[in-house]
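Everything below concerns the one structure shown next.
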Amino acid sequence: MSKKEIVERYIIFMVGLFISSFGVSMITKADLGTSPISSIPYVLSLYYPMTLGQFTIIFSIFLIILQLIILRKNFKWEHILQIPVSIVFGYFIDFSMNILQFVNPTAYITKVIYLLLGCVVLGIGVYMEVLADVAMLPGESFVRAIVFRWKSEFGITKVAFDVTSTVIAALLSFVLMKQLAGVREGTIIAALLVGFIARTIGKILSFLPKKYSCL
């Protein structure tokens, strides 16, 4: 690929990353839980004096270290790219949360609307990240590392990772706050909808990957 083509792919990826962060923030502001991958950072941010974005960065670095342990000699320099991507994503989340400061729904139906809108926005962001095909966030990369190491099926492993993250987040909330916090029905809805929305967009815009496959 030429430098121009690489730059175009990274622009698509960065736009997708920002849209994803906005989706995460919308889901979180709906106050019905957050997305599974953000559940642990979110619970920690409810108890400790650090933001969701900051804990997202810390959690992402932790997942990168786990990848290093799992992959060992198969851990390549490309995986290091996850570090700056994670930092940017974390700051994007905090920026989005600040933009959405005015969003504090009280009626349950309003919360559901924000949750569903957030799922759509996050699905669009995920689709753009996949379309760009230049880097991965640590959550997905960690799942791929497990698949590579133990030859498991990606879909099943991704579901297991999401469920494990959600359970750990719930346990943390009970340990830290003596109650269930940060994990609710919205977490389950986001887990079910976001991937479906991203795949649906991919089918509707199936001509785009062909167009960008020559980038």
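Every chain in the structure tokens takes a letter, A first, then B, and so on in the order presented; its residues are numbered from 1, and the ligands are numbered from 1 following the presented order.
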Test item, helix (DSSP H, G or I) assignment across stretch 134-189 of chain A, answer as JSON, numbers by chain:
{"A": [138, 139, 140, 141, 142, 143, 144, 145, 146, 147, 148, 149, 150, 154, 155, 156, 157, 158, 159, 160, 161, 162, 163, 164, 165, 166, 167, 168, 169, 170, 171, 172, 173, 174, 175, 176, 177, 185, 186, 187, 188, 189]}
Contact residues around A:Val121 with only C-alpha atoms at 7 Å, ignoring same-chain residues under 5 positions, as a PDB file with N, CA and C atoms, in the first residue's frame:
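Okay, part.pdb is ready:
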ATOM      1  N   ILE A  19     -16.156   7.426  16.983  1.00  0.00           N
ATOM      2  CA  ILE A  19     -17.580   7.078  16.971  1.00  0.00           C
ATOM      3  C   ILE A  19     -17.850   5.979  18.004  1.00  0.00           C
ATOM      4  N   SER A  20     -16.939   5.008  18.100  1.00  0.00           N
ATOM      5  CA  SER A  20     -17.089   3.939  19.094  1.00  0.00           C
ATOM      6  C   SER A  20     -17.077   4.504  20.510  1.00  0.00           C
ATOM      7  N   GLY A  23     -20.294   6.034  21.231  1.00  0.00           N
ATOM      8  CA  GLY A  23     -21.293   5.010  21.488  1.00  0.00           C
ATOM      9  C   GLY A  23     -21.191   4.460  22.899  1.00  0.00           C
TER      10      GLY A  23
END
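Counting only C-alpha atoms and comparing A:Gly139, A:Gly118, A:Gly182, A:Gly90, the residue that lies closest to A:Leu46 is A:Gly182.
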Among A:Ile189, A:Ile37, A:Ile65, A:Leu32, A:Cys119 is approached most closely, using only C-alpha atoms, by A:Ile189
*With a distance cut-off of 12 Å and only C-alpha atoms, select the neighbouring residues of stretch 8-16 of chain A, excluding the residue or stretch itself and same-chain residues fewer than 3 positions from it, and output the selection as a PyMOL selection string.*
chain A and resi 1-5+19-23+84-86+88-89+92+121-137+198+208-209+211-215
Write the residues you've just listed into a file as a short mmCIF file (atom, residue, chain, number, x, y, z; two decimals), in the first residue's frame, and include N, CA and C atoms for each of them.
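Contents of the output file part28.cif:
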data_model
loop_
_atom_site.label_atom_id
_atom_site.label_comp_id
_atom_site.auth_asym_id
_atom_site.auth_seq_id
_atom_site.Cartn_x
_atom_site.Cartn_y
_atom_site.Cartn_z
N MET A 1 0.83 -1.20 0.00
CA MET A 1 0.00 0.00 0.00
C MET A 1 0.87 1.26 0.00
N SER A 2 0.40 2.28 -0.69
CA SER A 2 1.11 3.55 -0.71
C SER A 2 0.86 4.29 0.60
N LYS A 3 1.67 5.33 0.83
CA LYS A 3 1.50 6.13 2.05
C LYS A 3 0.12 6.77 2.08
N LYS A 4 -0.35 7.23 0.94
CA LYS A 4 -1.67 7.85 0.85
C LYS A 4 -2.76 6.85 1.25
N GLU A 5 -2.63 5.63 0.78
CA GLU A 5 -3.62 4.60 1.08
C GLU A 5 -3.61 4.25 2.57
N ILE A 19 -16.16 7.43 16.98
CA ILE A 19 -17.58 7.08 16.97
C ILE A 19 -17.85 5.98 18.00
N SER A 20 -16.94 5.01 18.10
CA SER A 20 -17.09 3.94 19.09
C SER A 20 -17.08 4.50 20.51
N SER A 21 -16.17 5.43 20.76
CA SER A 21 -16.09 6.04 22.10
C SER A 21 -17.37 6.80 22.42
N PHE A 22 -17.94 7.44 21.42
CA PHE A 22 -19.18 8.16 21.61
C PHE A 22 -20.32 7.18 21.91
N GLY A 23 -20.29 6.03 21.23
CA GLY A 23 -21.29 5.01 21.49
C GLY A 23 -21.19 4.46 22.90
N PRO A 84 -0.81 2.91 21.83
CA PRO A 84 -1.28 4.26 21.49
C PRO A 84 -2.77 4.29 21.12
N VAL A 85 -3.25 3.22 20.49
CA VAL A 85 -4.68 3.14 20.15
C VAL A 85 -5.53 3.17 21.42
N SER A 86 -5.09 2.43 22.44
CA SER A 86 -5.82 2.38 23.71
C SER A 86 -5.83 3.74 24.41
N VAL A 88 -5.51 6.72 22.97
CA VAL A 88 -6.39 7.61 22.21
C VAL A 88 -7.85 7.28 22.50
N PHE A 89 -8.18 5.99 22.54
CA PHE A 89 -9.56 5.56 22.79
C PHE A 89 -10.02 6.01 24.18
N PHE A 92 -10.67 9.66 24.05
CA PHE A 92 -11.90 9.86 23.28
C PHE A 92 -13.13 9.63 24.16
N VAL A 121 -24.69 3.63 17.45
CA VAL A 121 -23.47 4.43 17.23
C VAL A 121 -22.23 3.55 17.42
N LEU A 122 -22.21 2.75 18.47
CA LEU A 122 -21.06 1.87 18.72
C LEU A 122 -20.92 0.85 17.59
N GLY A 123 -22.04 0.33 17.10
CA GLY A 123 -22.00 -0.62 15.99
C GLY A 123 -21.39 0.00 14.74
N ILE A 124 -21.74 1.27 14.47
CA ILE A 124 -21.17 1.97 13.32
C ILE A 124 -19.66 2.13 13.49
N GLY A 125 -19.25 2.51 14.71
CA GLY A 125 -17.82 2.68 14.98
C GLY A 125 -17.04 1.39 14.81
N VAL A 126 -17.60 0.29 15.33
CA VAL A 126 -16.95 -1.01 15.20
C VAL A 126 -16.82 -1.40 13.73
N TYR A 127 -17.88 -1.15 12.97
CA TYR A 127 -17.83 -1.46 11.53
C TYR A 127 -16.71 -0.70 10.84
N MET A 128 -16.57 0.60 11.15
CA MET A 128 -15.52 1.41 10.52
C MET A 128 -14.13 0.93 10.89
N GLU A 129 -13.96 0.51 12.15
CA GLU A 129 -12.67 -0.02 12.59
C GLU A 129 -12.31 -1.28 11.81
N VAL A 130 -13.30 -2.16 11.62
CA VAL A 130 -13.07 -3.39 10.86
C VAL A 130 -12.80 -3.07 9.40
N LEU A 131 -13.54 -2.11 8.85
CA LEU A 131 -13.37 -1.70 7.46
C LEU A 131 -11.96 -1.18 7.20
N ALA A 132 -11.43 -0.38 8.14
CA ALA A 132 -10.09 0.19 7.99
C ALA A 132 -9.02 -0.89 7.99
N ASP A 133 -9.19 -1.90 8.85
CA ASP A 133 -8.30 -3.06 8.89
C ASP A 133 -6.83 -2.68 9.08
N VAL A 134 -6.57 -1.81 10.07
CA VAL A 134 -5.18 -1.43 10.35
C VAL A 134 -4.74 -1.73 11.78
N ALA A 135 -5.69 -1.81 12.69
CA ALA A 135 -5.36 -2.07 14.09
C ALA A 135 -6.58 -2.62 14.80
N MET A 136 -6.37 -3.14 16.01
CA MET A 136 -7.46 -3.65 16.81
C MET A 136 -7.35 -3.11 18.23
N LEU A 137 -8.49 -2.96 18.86
CA LEU A 137 -8.49 -2.62 20.27
C LEU A 137 -8.11 -3.87 21.07
N ALA A 198 -23.22 -4.07 13.78
CA ALA A 198 -22.01 -3.94 12.97
C ALA A 198 -22.06 -4.87 11.77
N LEU A 208 -18.50 -1.32 0.12
CA LEU A 208 -17.39 -0.50 0.62
C LEU A 208 -16.10 -1.28 0.83
N PRO A 209 -16.15 -2.46 1.48
CA PRO A 209 -14.90 -3.22 1.63
C PRO A 209 -14.23 -3.51 0.31
N LYS A 211 -14.42 -1.60 -2.35
CA LYS A 211 -13.82 -0.35 -2.77
C LYS A 211 -12.51 -0.11 -2.04
N TYR A 212 -12.53 -0.34 -0.71
CA TYR A 212 -11.35 -0.03 0.08
C TYR A 212 -10.34 -1.15 0.10
N SER A 213 -10.68 -2.30 -0.48
CA SER A 213 -9.71 -3.40 -0.51
C SER A 213 -8.53 -3.06 -1.40
N CYS A 214 -8.71 -2.04 -2.27
CA CYS A 214 -7.62 -1.64 -3.14
C CYS A 214 -6.79 -0.53 -2.52
N LEU A 215 -7.16 -0.09 -1.32
CA LEU A 215 -6.40 0.99 -0.67
C LEU A 215 -5.01 0.54 -0.29
#
Proximity of stretch 42-129 of chain A to stretch 141-165 of chain A: per-residue shortest pair, 8 Å limit, only C-alpha atoms, as a Markdown table:
| residue | atom | partner | partner_atom | distance |
| --- | --- | --- | --- | --- |
| A:Leu63 | CA | A:Phe142 | CA | 6.3 |
| A:Ile64 | CA | A:Phe142 | CA | 7.1 |
| A:Leu66 | CA | A:Phe142 | CA | 7.5 |
| A:Gln67 | CA | A:Phe142 | CA | 5.8 |
| A:Ile70 | CA | A:Ala145 | CA | 6.8 |
| A:Leu71 | CA | A:Ala145 | CA | 6.5 |
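Between atom CA of A:Val112 and atom CA of A:Leu171 the separation is 24.4 Å.
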Closest of A:Thr187, A:Thr110, A:Ser173, A:Thr200 to A:Leu44, counting only C-alpha atoms, is A:Ser173
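Nearest to A:Ala191 of all the residues A:Leu115, A:Ile58, A:Met177, A:Trp77 is A:Leu115, based on only C-alpha atoms.
Ranking A:Pro138, A:Gly53, A:Pro41, A:Gly33 by their shortest atom-to-atom distance to A:Gly186, with only C-alpha atoms included, puts A:Gly33 first.
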What's around A:Tyr47 at 10 Å? Count only C-alpha atoms, leave out sequence neighbours fewer than 2 positions away in its own chain, and write the answer as a CSV table (one decimal) with N, CA, C and O atoms, in the first residue's frame.
chain,number,residue,atom,x,y,z
A,42,TYR,N,-15.7,0.8,34.1
A,42,TYR,CA,-16.8,1.6,34.5
A,42,TYR,C,-17.0,1.4,36.0
A,42,TYR,O,-17.2,2.4,36.8
A,43,VAL,N,-17.1,0.2,36.5
A,43,VAL,CA,-17.3,-0.1,37.9
A,43,VAL,C,-16.2,0.5,38.7
A,43,VAL,O,-16.4,1.2,39.8
A,44,LEU,N,-14.9,0.4,38.3
A,44,LEU,CA,-13.8,1.0,39.0
A,44,LEU,C,-13.9,2.5,39.0
A,44,LEU,O,-13.6,3.1,40.1
A,45,SER,N,-14.4,3.1,37.9
A,45,SER,CA,-14.5,4.6,37.9
A,45,SER,C,-15.6,5.1,38.8
A,45,SER,O,-15.6,6.2,39.2
A,49,PRO,N,-11.3,7.7,42.3
A,49,PRO,CA,-11.3,9.0,41.7
A,49,PRO,C,-10.5,9.1,40.3
A,49,PRO,O,-9.6,9.9,40.2
A,50,MET,N,-10.9,8.2,39.4
A,50,MET,CA,-10.4,8.2,38.1
A,50,MET,C,-11.5,8.1,37.1
A,50,MET,O,-12.6,7.5,37.4
A,172,LEU,N,-16.9,-7.1,41.4
A,172,LEU,CA,-16.1,-5.9,41.9
A,172,LEU,C,-17.1,-4.9,42.5
A,172,LEU,O,-16.8,-4.3,43.5
A,173,SER,N,-18.3,-4.7,41.9
A,173,SER,CA,-19.2,-3.7,42.4
A,173,SER,C,-19.7,-4.1,43.8
A,173,SER,O,-19.9,-3.3,44.7
A,176,LEU,N,-16.6,-3.6,46.2
A,176,LEU,CA,-16.3,-2.2,46.5
A,176,LEU,C,-17.4,-1.4,47.0
A,176,LEU,O,-17.2,-0.6,47.9
A,177,MET,N,-18.6,-1.6,46.5
A,177,MET,CA,-19.7,-0.8,46.9
A,177,MET,C,-20.9,-1.5,47.6
A,177,MET,O,-21.9,-0.9,47.9
A,181,ALA,N,-23.6,-2.4,40.9
A,181,ALA,CA,-23.5,-1.0,40.3
A,181,ALA,C,-22.8,-1.1,38.9
A,181,ALA,O,-21.8,-1.8,38.9
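Checking A:Val120, A:Ala107, A:Val167, A:Ile80 one by one against A:Val24, counting only C-alpha atoms, you find the shortest gap at A:Val120.
When atom CA of A:Lys111 is paired with atom CA of A:Ile27, their separation reads 8.9 Å.
Picture a line from atom CA of A:Gln54 to atom CA of A:Val103; it runs 20.7 Å.
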